[in-house]
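Structure data (mmCIF, C-alpha atoms) from my_file_35.cif:
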```cif
data_data
#
loop_
_atom_site.label_atom_id
_atom_site.label_comp_id
_atom_site.auth_asym_id
_atom_site.auth_seq_id
_atom_site.Cartn_x
_atom_site.Cartn_y
_atom_site.Cartn_z
CA MET A 119 11.63 -14.83 6.15
CA HIS A 120 12.61 -11.60 4.50
CA ILE A 121 10.57 -9.39 2.21
CA ASN A 122 12.54 -6.89 0.19
CA PHE A 123 10.29 -4.04 -0.86
CA GLU A 124 12.98 -2.76 -3.23
CA ASP A 125 12.82 -6.03 -5.13
CA GLU A 126 11.22 -5.82 -8.55
CA ARG A 127 9.19 -8.95 -7.99
CA PRO A 128 5.66 -8.42 -6.69
CA ILE A 129 5.26 -8.81 -2.93
CA PHE A 130 2.84 -11.74 -3.22
CA ILE A 131 5.50 -13.72 -5.10
CA GLN A 132 8.03 -12.90 -2.40
CA ILE A 133 5.60 -14.03 0.32
CA ALA A 134 5.11 -17.34 -1.50
CA GLU A 135 8.86 -17.79 -1.95
CA GLY A 136 9.57 -16.80 1.64
CA ILE A 137 7.25 -19.51 2.89
CA GLU A 138 8.76 -21.98 0.41
CA ASP A 139 12.22 -21.16 1.79
CA ALA A 140 11.00 -21.67 5.34
CA ILE A 141 9.63 -25.08 4.33
CA LEU A 142 12.87 -26.03 2.53
CA THR A 143 15.01 -25.09 5.52
CA GLY A 144 12.68 -26.93 7.89
CA ALA A 145 11.53 -23.82 9.77
CA PHE A 146 7.99 -24.86 8.80
CA SER A 147 8.03 -28.65 8.82
CA GLU A 148 5.63 -30.89 6.92
CA SER A 149 2.15 -31.12 8.51
CA SER A 150 2.91 -28.18 10.81
CA GLN A 151 0.77 -25.05 10.94
CA ILE A 152 1.92 -21.85 9.23
CA PRO A 153 1.02 -18.27 10.26
CA SER A 154 -2.46 -17.01 9.35
CA ILE A 155 -3.17 -14.38 6.70
CA THR A 156 -3.69 -11.79 9.44
CA GLU A 157 -0.40 -12.69 11.15
CA LEU A 158 1.47 -12.51 7.84
CA SER A 159 -0.14 -9.21 6.86
CA VAL A 160 0.49 -7.57 10.22
CA SER A 161 4.07 -8.71 10.57
CA TYR A 162 5.05 -7.70 7.03
CA LYS A 163 2.76 -4.64 6.98
CA ILE A 164 1.08 -5.72 3.78
CA ASN A 165 -2.50 -5.71 2.59
CA PRO A 166 -4.23 -9.00 3.52
CA ALA A 167 -5.27 -9.42 -0.12
CA THR A 168 -1.57 -9.52 -1.05
CA ALA A 169 -0.80 -12.16 1.58
CA LEU A 170 -3.79 -14.20 0.45
CA LYS A 171 -2.61 -14.03 -3.16
CA GLY A 172 0.81 -15.37 -2.13
CA ILE A 173 -0.70 -18.20 -0.08
CA SER A 174 -3.08 -19.10 -2.92
CA ILE A 175 -0.12 -19.91 -5.17
CA LEU A 176 1.12 -22.41 -2.59
CA VAL A 177 -2.35 -23.88 -2.11
CA ASP A 178 -2.73 -24.32 -5.88
CA ASP A 179 0.69 -26.01 -6.04
CA GLY A 180 -0.31 -28.42 -3.27
CA ILE A 181 2.38 -27.09 -0.92
CA ILE A 182 -0.05 -25.71 1.65
CA PHE A 183 -3.50 -26.97 2.54
CA LYS A 184 -6.27 -25.28 4.49
CA LYS A 185 -8.31 -26.83 7.27
CA ARG A 186 -11.53 -24.91 7.59
CA GLY A 187 -11.74 -23.07 10.89
CA VAL A 188 -8.33 -24.34 12.03
CA GLY A 189 -5.68 -22.78 9.82
CA MET A 190 -3.14 -23.53 7.13
CA PHE A 191 -0.67 -26.40 7.14
CA VAL A 192 2.35 -27.60 5.20
CA ALA A 193 1.32 -30.53 3.01
CA PRO A 194 3.09 -33.86 3.46
CA GLY A 195 5.60 -34.28 0.63
CA ALA A 196 5.93 -30.50 0.24
CA VAL A 197 9.72 -30.52 0.62
CA SER A 198 10.44 -32.87 -2.28
CA LYS A 199 7.86 -31.12 -4.44
CA LEU A 200 9.57 -27.79 -3.75
CA ARG A 201 13.05 -29.16 -4.42
CA ASN A 202 11.96 -30.36 -7.85
CA LYS A 203 10.30 -27.06 -8.65
CA ARG A 204 13.30 -25.04 -7.49
CA LYS A 205 15.73 -27.16 -9.51
CA GLU A 206 13.79 -26.33 -12.65
CA LEU A 207 14.01 -22.63 -11.81
CA PHE A 208 17.69 -22.84 -10.93
CA PHE A 209 18.80 -22.45 -14.53
CA ASP A 210 16.61 -19.42 -15.16
CA HIS A 211 17.31 -17.70 -11.86
CA TYR A 212 21.00 -18.34 -11.39
CA ILE A 213 22.77 -19.72 -14.45
CA LYS A 214 21.34 -17.22 -16.92
CA LYS A 215 22.22 -14.31 -14.63
CA LEU A 216 25.68 -15.72 -13.98
CA ILE A 217 26.42 -15.92 -17.70
CA GLU A 218 25.01 -12.46 -18.31
CA GLU A 219 27.32 -10.94 -15.70
CA ALA A 220 30.26 -13.05 -16.88
CA LYS A 221 29.82 -11.76 -20.43
CA LYS A 222 29.83 -8.18 -19.13
CA LEU A 223 33.14 -8.88 -17.37
CA GLY A 224 34.62 -10.91 -20.21
CA ILE A 225 34.85 -14.12 -18.17
CA SER A 226 35.08 -17.20 -20.39
CA ASN A 227 33.15 -20.45 -20.13
CA ALA A 228 36.28 -22.29 -18.94
CA GLU A 229 36.97 -19.66 -16.28
CA ILE A 230 33.43 -19.95 -14.91
CA LEU A 231 33.79 -23.74 -14.68
CA ARG A 232 37.05 -23.34 -12.75
CA MET A 233 35.35 -20.90 -10.37
CA VAL A 234 32.45 -23.31 -9.81
CA GLU A 235 34.92 -26.09 -8.99
CA ARG A 236 36.73 -23.78 -6.58
CA GLY A 237 33.42 -22.76 -4.99
CA TYR A 238 32.48 -26.39 -4.34
CA LYS A 239 35.82 -27.04 -2.69
CA GLU A 240 35.70 -24.04 -0.34
CA MET B 7 -25.30 0.42 -4.97
CA ASN B 8 -22.39 -0.03 -2.58
CA GLY B 9 -19.42 2.21 -2.09
CA ILE B 10 -18.83 5.94 -2.16
CA GLU B 11 -19.55 7.33 -5.59
CA ILE B 12 -18.42 10.78 -6.57
CA LYS B 13 -19.83 12.31 -9.74
CA ASN B 14 -18.58 15.49 -11.40
CA VAL B 15 -17.78 17.25 -8.16
CA THR B 16 -16.47 20.80 -8.53
CA LYS B 17 -15.44 23.08 -5.71
CA THR B 18 -13.98 26.56 -5.84
CA PHE B 19 -12.60 28.79 -3.10
CA GLY B 20 -12.81 32.31 -4.49
CA ASP B 21 -10.79 32.20 -7.71
CA THR B 22 -9.13 28.90 -6.85
CA LEU B 23 -10.47 25.78 -8.48
CA ALA B 24 -9.91 23.15 -5.78
CA LEU B 25 -11.72 20.25 -7.47
CA ASN B 26 -12.55 20.16 -11.15
CA GLU B 27 -15.32 17.78 -12.23
CA VAL B 28 -13.96 14.94 -10.14
CA SER B 29 -15.58 11.54 -10.62
CA LEU B 30 -14.46 8.38 -8.90
CA LYS B 31 -15.67 5.45 -6.89
CA PHE B 32 -14.46 3.90 -3.66
CA ASP B 33 -15.53 0.26 -3.48
CA PRO B 34 -16.33 -1.39 -0.14
CA HIS B 35 -13.74 -3.45 1.74
CA LYS B 36 -10.59 -1.98 0.25
CA ILE B 37 -7.70 0.14 1.44
CA TYR B 38 -7.26 3.19 -0.76
CA GLY B 39 -4.39 5.63 -0.91
CA LEU B 40 -5.43 9.17 -1.77
CA LEU B 41 -2.23 10.84 -2.85
CA GLY B 42 -1.42 14.31 -4.02
CA ARG B 43 0.91 17.18 -3.36
CA ASN B 44 0.07 19.96 -0.93
CA GLY B 45 -2.98 21.84 -2.13
CA ALA B 46 -3.94 19.18 -4.70
CA GLY B 47 -7.48 18.86 -3.31
CA LYS B 48 -7.28 15.72 -1.14
CA SER B 49 -8.64 17.27 2.05
CA THR B 50 -11.27 19.21 0.14
CA LEU B 51 -12.56 15.95 -1.33
CA LEU B 52 -12.64 14.18 2.05
CA ASN B 53 -14.37 17.16 3.65
CA ILE B 54 -17.02 17.25 0.94
CA ILE B 55 -17.76 13.52 1.36
CA THR B 56 -18.39 14.15 5.07
CA ASN B 57 -20.40 17.38 4.73
CA ARG B 58 -17.79 19.59 6.34
CA LEU B 59 -17.65 21.43 3.04
CA PHE B 60 -20.21 21.53 0.26
CA ALA B 61 -19.53 21.13 -3.44
CA ASP B 62 -20.46 23.85 -5.94
CA SER B 63 -21.81 21.16 -8.21
CA GLY B 64 -21.85 17.39 -8.58
CA ASP B 65 -23.20 14.48 -6.52
CA ILE B 66 -21.91 12.08 -3.94
CA THR B 67 -23.67 8.93 -2.81
CA ILE B 68 -22.71 6.65 0.06
CA ASP B 69 -24.07 3.13 -0.40
CA GLY B 70 -26.56 4.67 -2.79
CA LEU B 71 -27.73 7.36 -0.34
CA ALA B 72 -27.26 11.05 -1.14
CA SER B 73 -24.48 12.36 1.07
CA VAL B 74 -25.61 15.95 1.60
CA GLU B 75 -27.35 16.60 4.92
CA ASN B 76 -28.35 12.96 5.19
CA ASP B 77 -27.66 11.42 8.60
CA GLN B 78 -28.32 7.91 7.36
CA ALA B 79 -25.51 8.30 4.83
CA GLN B 80 -23.18 10.23 7.12
CA ASN B 81 -23.45 7.63 9.92
CA LYS B 82 -21.60 5.22 7.62
CA VAL B 83 -18.55 7.46 7.37
CA TYR B 84 -15.98 8.74 9.81
CA LEU B 85 -13.37 11.32 8.89
CA MET B 86 -10.23 11.65 10.93
CA SER B 87 -9.12 15.14 9.95
CA GLU B 88 -6.33 17.44 10.96
CA LYS B 89 -8.81 19.60 12.82
CA ASN B 90 -9.75 18.52 16.31
CA LEU B 91 -13.51 18.76 16.70
CA TYR B 92 -13.65 17.80 20.39
CA PRO B 93 -13.82 20.36 23.20
CA GLY B 94 -10.33 20.85 24.66
CA SER B 95 -11.56 20.56 28.23
CA MET B 96 -12.76 17.01 27.67
CA SER B 97 -10.60 14.05 28.70
CA CYS B 98 -9.78 11.42 26.09
CA LYS B 99 -11.95 8.86 27.83
CA GLU B 100 -14.89 11.25 27.95
CA ALA B 101 -14.38 11.86 24.24
CA PHE B 102 -14.52 8.10 23.59
CA LYS B 103 -17.85 7.91 25.46
CA TRP B 104 -19.13 10.94 23.61
CA SER B 105 -18.17 9.35 20.29
CA GLN B 106 -20.22 6.31 21.20
CA SER B 107 -23.36 8.43 21.38
CA PHE B 108 -22.81 9.44 17.74
CA TYR B 109 -21.44 6.12 16.52
CA PRO B 110 -23.28 3.29 18.27
CA ASN B 111 -20.70 0.70 17.17
CA PHE B 112 -17.86 2.62 18.81
CA ASP B 113 -15.85 0.09 20.86
CA ILE B 114 -14.72 1.78 24.08
CA ASP B 115 -12.82 -1.27 25.38
CA TYR B 116 -10.85 -1.48 22.14
CA ALA B 117 -10.18 2.27 22.25
CA LEU B 118 -8.80 2.07 25.79
CA ASN B 119 -6.76 -0.96 24.87
CA ILE B 120 -5.04 0.61 21.87
CA ALA B 121 -4.65 3.93 23.73
CA ARG B 122 -2.57 1.95 26.22
CA LEU B 123 -0.47 0.45 23.38
CA PHE B 124 0.29 3.98 22.17
CA GLY B 125 0.99 5.20 25.70
CA LEU B 126 -1.92 7.65 25.60
CA ASP B 127 -3.27 8.46 29.07
CA PRO B 128 -7.09 8.38 28.74
CA LYS B 129 -7.47 10.77 31.70
CA LYS B 130 -5.51 13.47 29.92
CA LYS B 131 -7.41 16.53 28.69
CA ILE B 132 -7.51 16.92 24.90
CA ARG B 133 -6.05 20.43 24.99
CA ALA B 134 -3.02 19.14 26.92
CA LEU B 135 -2.02 16.67 24.18
CA SER B 136 1.17 17.24 22.16
CA THR B 137 0.96 17.27 18.32
CA GLY B 138 1.90 13.60 18.17
CA TYR B 139 -0.53 12.52 20.88
CA SER B 140 -3.26 14.66 19.38
CA SER B 141 -2.86 12.56 16.20
CA ILE B 142 -2.79 9.38 18.29
CA PHE B 143 -6.00 10.38 20.07
CA LYS B 144 -7.70 10.84 16.69
CA ILE B 145 -6.26 7.56 15.36
CA VAL B 146 -7.67 5.73 18.40
CA ILE B 147 -11.12 7.11 17.68
CA ALA B 148 -10.89 6.37 13.95
CA LEU B 149 -9.89 2.74 14.60
CA SER B 150 -12.66 2.30 17.19
CA VAL B 151 -15.71 3.84 15.47
CA ASN B 152 -16.47 0.76 13.36
CA THR B 153 -18.21 2.61 10.56
CA PRO B 154 -18.13 0.94 7.13
CA TYR B 155 -16.02 3.82 5.74
CA VAL B 156 -13.14 5.42 7.61
CA LEU B 157 -11.32 8.36 6.03
CA PHE B 158 -7.87 9.24 7.32
CA ASP B 159 -6.53 12.68 6.44
CA GLU B 160 -2.80 12.76 7.25
CA PRO B 161 -3.17 10.25 10.09
CA VAL B 162 0.51 10.04 11.05
CA LEU B 163 1.22 13.75 11.39
CA GLY B 164 3.76 14.26 14.19
CA LEU B 165 4.02 10.55 15.00
CA ASP B 166 7.43 8.99 15.60
CA ALA B 167 8.50 5.93 13.61
CA ASN B 168 7.45 3.46 16.31
CA HIS B 169 3.98 4.91 16.62
CA ARG B 170 3.55 5.03 12.84
CA GLU B 171 4.50 1.35 12.67
CA LEU B 172 1.99 0.56 15.42
CA PHE B 173 -0.73 2.46 13.57
CA TYR B 174 -0.10 0.53 10.32
CA LYS B 175 -0.15 -2.78 12.17
CA LEU B 176 -3.36 -1.99 14.06
CA LEU B 177 -4.96 -0.83 10.82
CA ILE B 178 -4.15 -4.12 9.06
CA GLU B 179 -5.23 -6.18 12.05
CA LYS B 180 -8.53 -4.32 12.28
CA TYR B 181 -9.03 -4.54 8.53
CA SER B 182 -8.36 -8.26 8.30
CA GLU B 183 -10.55 -9.14 11.26
CA ASN B 184 -13.51 -7.02 10.33
CA THR B 185 -13.15 -5.52 6.93
CA PHE B 186 -14.10 -1.94 6.23
CA THR B 187 -13.11 0.66 3.66
CA ALA B 188 -10.15 2.81 4.54
CA ILE B 189 -9.24 5.87 2.50
CA ILE B 190 -5.88 7.20 3.56
CA SER B 191 -4.45 10.53 2.48
CA THR B 192 -0.76 10.78 3.28
CA HIS B 193 2.58 12.17 2.19
CA LEU B 194 4.52 9.22 3.60
CA ILE B 195 3.96 7.10 0.53
CA ASP B 196 6.86 4.70 1.00
CA GLU B 197 5.63 3.62 4.40
CA ILE B 198 2.11 2.90 3.32
CA SER B 199 2.44 1.60 -0.24
CA THR B 200 2.36 -2.08 0.72
CA LEU B 201 -0.92 -1.61 2.59
CA LEU B 202 -2.78 -0.14 -0.33
CA GLU B 203 -4.92 -2.01 -2.80
CA SER B 204 -5.76 0.97 -4.96
CA VAL B 205 -4.26 4.36 -5.52
CA MET B 206 -5.88 7.63 -6.52
CA ILE B 207 -3.56 10.49 -7.35
CA ILE B 208 -4.99 14.01 -7.43
CA LYS B 209 -3.17 16.80 -9.20
CA ASN B 210 -4.48 20.36 -9.40
CA GLY B 211 -8.00 19.29 -8.48
CA GLU B 212 -8.19 16.50 -11.04
CA ILE B 213 -7.78 12.75 -10.82
CA LEU B 214 -4.51 11.86 -12.48
CA VAL B 215 -4.36 8.17 -11.63
CA ASN B 216 -7.00 5.76 -10.42
CA ALA B 217 -5.63 2.22 -10.48
CA ALA B 218 -4.94 -0.93 -8.53
CA CYS B 219 -1.62 -0.47 -6.78
CA GLU B 220 -0.11 -3.59 -8.31
CA THR B 221 -1.17 -2.67 -11.85
CA LEU B 222 0.23 0.81 -11.47
CA LEU B 223 3.56 -0.44 -10.14
CA SER B 224 3.87 -3.08 -12.85
CA LYS B 225 3.52 -0.39 -15.52
CA GLY B 226 6.09 2.05 -14.20
CA TYR B 227 9.77 1.47 -14.91
CA SER B 228 12.91 3.37 -15.74
CA VAL B 229 15.63 2.74 -18.31
CA THR B 230 19.21 3.84 -17.92
CA GLY B 231 21.91 3.92 -20.58
CA THR B 232 23.81 6.22 -22.90
CA THR B 233 21.80 9.16 -24.22
CA THR B 234 21.54 7.78 -27.76
CA HIS B 235 20.45 4.32 -26.59
CA VAL B 236 17.82 5.73 -24.26
CA ASP B 237 16.52 8.25 -26.81
CA ASP B 238 16.07 5.45 -29.35
CA PHE B 239 14.21 3.30 -26.86
CA ILE B 240 11.79 5.95 -25.59
CA GLN B 241 10.78 7.36 -28.97
CA ASP B 242 7.35 5.76 -29.14
CA LYS B 243 6.76 5.50 -25.38
CA ASP B 244 4.96 7.39 -22.64
CA VAL B 245 7.76 9.23 -20.83
CA ILE B 246 6.99 10.84 -17.46
CA GLY B 247 10.47 11.93 -16.47
CA ILE B 248 14.05 12.36 -17.67
CA ASP B 249 17.22 12.65 -15.60
CA THR B 250 20.70 13.01 -17.02
CA LEU B 251 24.03 12.55 -15.36
CA GLY B 252 26.92 13.24 -17.70
CA GLY B 253 26.50 10.96 -20.72
CA LEU B 254 24.12 8.72 -18.80
CA LYS B 255 20.41 9.18 -19.20
CA THR B 256 17.55 7.75 -17.16
CA ALA B 257 14.01 7.91 -18.48
CA THR B 258 10.95 7.04 -16.43
CA LEU B 259 8.17 5.44 -18.44
CA ILE B 260 4.63 4.19 -18.10
CA GLY B 261 3.51 1.25 -20.18
CA ASP B 262 3.86 -2.46 -20.71
CA LEU B 263 7.45 -3.53 -21.01
CA ASP B 264 8.41 -6.36 -23.34
CA LYS B 265 11.15 -7.95 -21.28
CA ASN B 266 12.15 -10.36 -24.01
CA ASN B 267 12.81 -7.66 -26.51
CA LEU B 268 15.22 -5.27 -24.83
CA PRO B 269 17.97 -3.54 -26.73
CA GLU B 270 21.55 -4.13 -25.58
CA GLY B 271 23.13 -1.66 -23.22
CA LEU B 272 19.99 -0.60 -21.39
CA GLU B 273 19.32 -1.29 -17.78
CA ILE B 274 15.74 -1.56 -16.58
CA THR B 275 14.70 -0.86 -13.00
CA SER B 276 11.26 -1.09 -11.48
CA LEU B 277 9.74 1.86 -9.68
CA ASP B 278 8.26 2.11 -6.26
CA LEU B 279 5.10 4.06 -5.59
CA GLN B 280 6.90 7.06 -4.17
CA LYS B 281 9.20 7.49 -7.19
CA LEU B 282 6.27 7.05 -9.53
CA PHE B 283 4.28 9.62 -7.57
CA ILE B 284 7.09 12.17 -7.69
CA LYS B 285 7.51 11.80 -11.44
CA LEU B 286 3.78 11.98 -12.11
CA THR B 287 3.11 15.02 -9.95
CA ASN B 288 6.20 17.11 -10.73
CA GLU B 289 5.40 20.48 -12.25
CA GLU B 290 7.28 20.96 -15.48
#
```
Output the file's structure in the form of structure tokens.
Amino acid sequence: MHINFEDERPIFIQIAEGIEDAILTGAFSESSQIPSITELSVSYKINPATALKGISILVDDGIIFKKRGVGMFVAPGAVSKLRNKRKELFFDHYIKKLIEEAKKLGISNAEILRMVERGYKE
Amino acid sequence: MNGIEIKNVTKTFGDTLALNEVSLKFDPHKIYGLLGRNGAGKSTLLNIITNRLFADSGDITIDGLASVENDQAQNKVYLMSEKNLYPGSMSCKEAFKWSQSFYPNFDIDYALNIARLFGLDPKKKIRALSTGYSSIFKIVIALSVNTPYVLFDEPVLGLDANHRELFYKLLIEKYSENTFTAIISTHLIDEISTLLESVMIIKNGEILVNAACETLLSKGYSVTGTTTHVDDFIQDKDVIGIDTLGGLKTATLIGDLDKNNLPEGLEITSLDLQKLFIKLTNEE
């Protein structure tokens, strides 16, 4: 998990997304325990309130659940939930940016499609 | 009333106005950054809170108790300052024991444990410590006193990168296990910005900024583009800095940015705390 402090997005969002990525790649599998707030804060050198804010997003989304006195765990079904959520964001995060940059460079719609096809083949 | 409350504090040294009617409040259980350029008044403020200096006028209360010559109030606060107040002939371990007689919650086992992590020999005499280890010795005490308020004045002076990293990690660990209020005055803003919940910036003895770190960062941004584009954009905005490079102009602004309503040809970048600090405290 990587936190980029140069990134414009707030750190708590990056913490949430970092954990989401770890769940999607299987580094944190469903029903397994994730690091505590203290562990996250210490290893990323961030205020515990920031880490807690990031985790709260995942708890609210039903990705993470807390067991009192034990710790925090990945919810069963978290992976498919995350995939659906990420697919919805795919257009905003990637396609819009791609088109923006393409316009700057004068790349046409047809050219982009050819590049995508090439990318899939490689 | 909880927290450290500072009301209209003024302090002069001869003709120099060090603090001018400063009012602010440090809430319990938060990590504060007290930032300012050299001579801005940071140390003066911390020294007044802890009775090492006295204000010309104004009041300070600590958890509702008057701070001046009041042991009950002062026992709640520890100031790690640049000055070493321990006798040089004392060993570090003796100093830890001595500290315990003033601060009953001082944790000697913890102090010895973290001294070992820093590679500080507890048998060493205080006067024999290098600049870096002298800071480490003071850090060890500050992290072990367990007072509700711990004030750090330039805590990482002379520390190498590894030891600074260790200090930040121990501070967070300590803070998340048993929360207290930390007020940290430092020039190494980049290193500490992610630890801070709130930021106070002092300039020429006055409070320039007093805001939650996240709020402050979300309001600072810069726009880059051609001079005409940028000039048009910044007309009705709060500009804190301008840089030009040939025909390219970058303006640093404070305010809410409407991301959906940006003119063409302008590039927006967010600011980190250090950049924001530099722009805000630059003398014109």
A straight line from atom CA of B:Val15 to atom CA of B:Leu149 spans 28.1 Å
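Counting only C-alpha atoms and comparing B:Leu279, B:Ile68, B:Leu123, B:Ala257, the residue that lies closest to B:Lys82 is B:Ile68.
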Shell of 10 Å around stretch 137-139 of chain A, only C-alpha atoms, local chain residues under 5 positions omitted, as a ChimeraX atom specification | /A:119-120,132,144-146,152-153,172-173,176,181-182,192,196-197,200-201,204
For chain A, list the residues within 10 Å of chain B, counting only C-alpha atoms, and write the list as a VMD selection string.
-> chain A and resid 123 to 129 155 to 157 159 to 168
Once you have the residues from the selection above, write them out as a PDB file, in the frame of the given file, restricted to C-alpha atoms.
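File produced: out-v9.pdb:
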```pdb
ATOM      1  CA  PHE A 123      10.290  -4.040  -0.860  1.00  0.00           C
ATOM      2  CA  GLU A 124      12.980  -2.760  -3.230  1.00  0.00           C
ATOM      3  CA  ASP A 125      12.820  -6.030  -5.130  1.00  0.00           C
ATOM      4  CA  GLU A 126      11.220  -5.820  -8.550  1.00  0.00           C
ATOM      5  CA  ARG A 127       9.190  -8.950  -7.990  1.00  0.00           C
ATOM      6  CA  PRO A 128       5.660  -8.420  -6.690  1.00  0.00           C
ATOM      7  CA  ILE A 129       5.260  -8.810  -2.930  1.00  0.00           C
ATOM      8  CA  ILE A 155      -3.170 -14.380   6.700  1.00  0.00           C
ATOM      9  CA  THR A 156      -3.690 -11.790   9.440  1.00  0.00           C
ATOM     10  CA  GLU A 157      -0.400 -12.690  11.150  1.00  0.00           C
ATOM     11  CA  SER A 159      -0.140  -9.210   6.860  1.00  0.00           C
ATOM     12  CA  VAL A 160       0.490  -7.570  10.220  1.00  0.00           C
ATOM     13  CA  SER A 161       4.070  -8.710  10.570  1.00  0.00           C
ATOM     14  CA  TYR A 162       5.050  -7.700   7.030  1.00  0.00           C
ATOM     15  CA  LYS A 163       2.760  -4.640   6.980  1.00  0.00           C
ATOM     16  CA  ILE A 164       1.080  -5.720   3.780  1.00  0.00           C
ATOM     17  CA  ASN A 165      -2.500  -5.710   2.590  1.00  0.00           C
ATOM     18  CA  PRO A 166      -4.230  -9.000   3.520  1.00  0.00           C
ATOM     19  CA  ALA A 167      -5.270  -9.420  -0.120  1.00  0.00           C
ATOM     20  CA  THR A 168      -1.570  -9.520  -1.050  1.00  0.00           C
TER      21      THR A 168
END
```
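Between atom CA of A:Ala140 and atom CA of A:Ile121 lies a distance of 12.7 Å.
What separates atom CA of B:Val83 from atom CA of B:Ser95 is a distance of 25.6 Å.
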Close residues, stretch 232-238 of chain A itself excluded, 12 Å, all atoms listed in the file, min 3 positions apart in chain, as an MDAnalysis selection string | chainID A and resid 213 216 220 225:229
Emit as lines of an AutoDock Vina configuration file the padded axis-aligned box for all listed atoms of stretch 206-221 of chain A, 3 Å per side, with centre and edge lengths in Å to one decimal.
```
center_x = 22.0
center_y = -18.6
center_z = -15.7
size_x = 22.5
size_y = 21.4
size_z = 15.5
```
Give me the result of the PyMOL selection byres ((chain B and resi 289) around 12) on this file, residue by residue, as a short mmCIF file (atom, residue, chain, number, x, y, z; two decimals) with C-alpha atoms, in the coordinates of the input.
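Listed below is the output, selection_26.cif:
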```
data_model
loop_
_atom_site.label_atom_id
_atom_site.label_comp_id
_atom_site.auth_asym_id
_atom_site.auth_seq_id
_atom_site.Cartn_x
_atom_site.Cartn_y
_atom_site.Cartn_z
CA ARG B 43 0.91 17.18 -3.36
CA LYS B 209 -3.17 16.80 -9.20
CA ASN B 210 -4.48 20.36 -9.40
CA ILE B 246 6.99 10.84 -17.46
CA GLY B 247 10.47 11.93 -16.47
CA PHE B 283 4.28 9.62 -7.57
CA ILE B 284 7.09 12.17 -7.69
CA LYS B 285 7.51 11.80 -11.44
CA LEU B 286 3.78 11.98 -12.11
CA THR B 287 3.11 15.02 -9.95
CA ASN B 288 6.20 17.11 -10.73
CA GLU B 290 7.28 20.96 -15.48
#
```
Could you spell out the hits of the PyMOL selection byres ((chain B and resi 52) around 10) on the shown file, as a list in words?
-> Leu40, Gly47, Lys48, Ser49, Thr50, Leu51, Asn53, Ile54, Ile55, Thr56, Asn57, Arg58, Leu59, Leu85, Met86, Ser87, Leu157, Phe158, Asp159, Ile189, Ile190 and Ser191 of chain B
Extract, using only C-alpha atoms, all DNA, RNA and protein residues at most 8 Å from B:Leu118, discarding same-chain residues fewer than 4 positions from it, and format them as a PyMOL selection string.
-> chain B and resi 99+114+122+128
Find the residues near B:Gly9: any atom within 9 Å, counting all atoms listed in the file, skip ones fewer than 5 places away on the same chain, and give them as a ChimeraX atom specification.
-> /B:31-35,67-70,155,187
Using all atoms listed in the file, which of the listed residues (A:Gly180, A:Glu218, A:Gly224, A:Ile133) sits closest to A:Ala193?
-> A:Gly180
Final N, CA and C atoms of stretch 78-89 of chain B as a PDB file, in the frame of the given file:
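Ended up saving to part16.pdb:
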```pdb
ATOM      1  N   GLN B  78     -28.400   9.352   7.637  1.00  0.00           N
ATOM      2  CA  GLN B  78     -28.320   7.910   7.360  1.00  0.00           C
ATOM      3  C   GLN B  78     -27.040   7.601   6.563  1.00  0.00           C
ATOM      4  N   ALA B  79     -26.728   8.477   5.628  1.00  0.00           N
ATOM      5  CA  ALA B  79     -25.510   8.300   4.830  1.00  0.00           C
ATOM      6  C   ALA B  79     -24.286   8.657   5.672  1.00  0.00           C
ATOM      7  N   GLN B  80     -24.345   9.752   6.379  1.00  0.00           N
ATOM      8  CA  GLN B  80     -23.180  10.230   7.120  1.00  0.00           C
ATOM      9  C   GLN B  80     -22.787   9.298   8.274  1.00  0.00           C
ATOM     10  N   ASN B  81     -23.770   8.566   8.836  1.00  0.00           N
ATOM     11  CA  ASN B  81     -23.450   7.630   9.920  1.00  0.00           C
ATOM     12  C   ASN B  81     -22.570   6.472   9.466  1.00  0.00           C
ATOM     13  N   LYS B  82     -22.435   6.305   8.161  1.00  0.00           N
ATOM     14  CA  LYS B  82     -21.600   5.220   7.620  1.00  0.00           C
ATOM     15  C   LYS B  82     -20.153   5.641   7.478  1.00  0.00           C
ATOM     16  N   VAL B  83     -19.891   6.945   7.663  1.00  0.00           N
ATOM     17  CA  VAL B  83     -18.550   7.460   7.370  1.00  0.00           C
ATOM     18  C   VAL B  83     -17.965   8.181   8.573  1.00  0.00           C
ATOM     19  N   TYR B  84     -16.674   7.955   8.800  1.00  0.00           N
ATOM     20  CA  TYR B  84     -15.980   8.740   9.810  1.00  0.00           C
ATOM     21  C   TYR B  84     -14.744   9.363   9.180  1.00  0.00           C
ATOM     22  N   LEU B  85     -14.561  10.646   9.414  1.00  0.00           N
ATOM     23  CA  LEU B  85     -13.370  11.320   8.890  1.00  0.00           C
ATOM     24  C   LEU B  85     -12.458  11.727  10.042  1.00  0.00           C
ATOM     25  N   MET B  86     -11.244  11.185  10.006  1.00  0.00           N
ATOM     26  CA  MET B  86     -10.230  11.650  10.930  1.00  0.00           C
ATOM     27  C   MET B  86      -9.482  12.771  10.218  1.00  0.00           C
ATOM     28  N   SER B  87      -9.729  14.006  10.655  1.00  0.00           N
ATOM     29  CA  SER B  87      -9.120  15.140   9.950  1.00  0.00           C
ATOM     30  C   SER B  87      -8.052  15.784  10.804  1.00  0.00           C
ATOM     31  N   GLU B  88      -7.353  16.722  10.199  1.00  0.00           N
ATOM     32  CA  GLU B  88      -6.330  17.440  10.960  1.00  0.00           C
ATOM     33  C   GLU B  88      -6.956  18.239  12.087  1.00  0.00           C
ATOM     34  N   LYS B  89      -8.130  18.780  11.806  1.00  0.00           N
ATOM     35  CA  LYS B  89      -8.810  19.600  12.820  1.00  0.00           C
ATOM     36  C   LYS B  89      -9.334  18.719  13.942  1.00  0.00           C
TER      37      LYS B  89
END
```
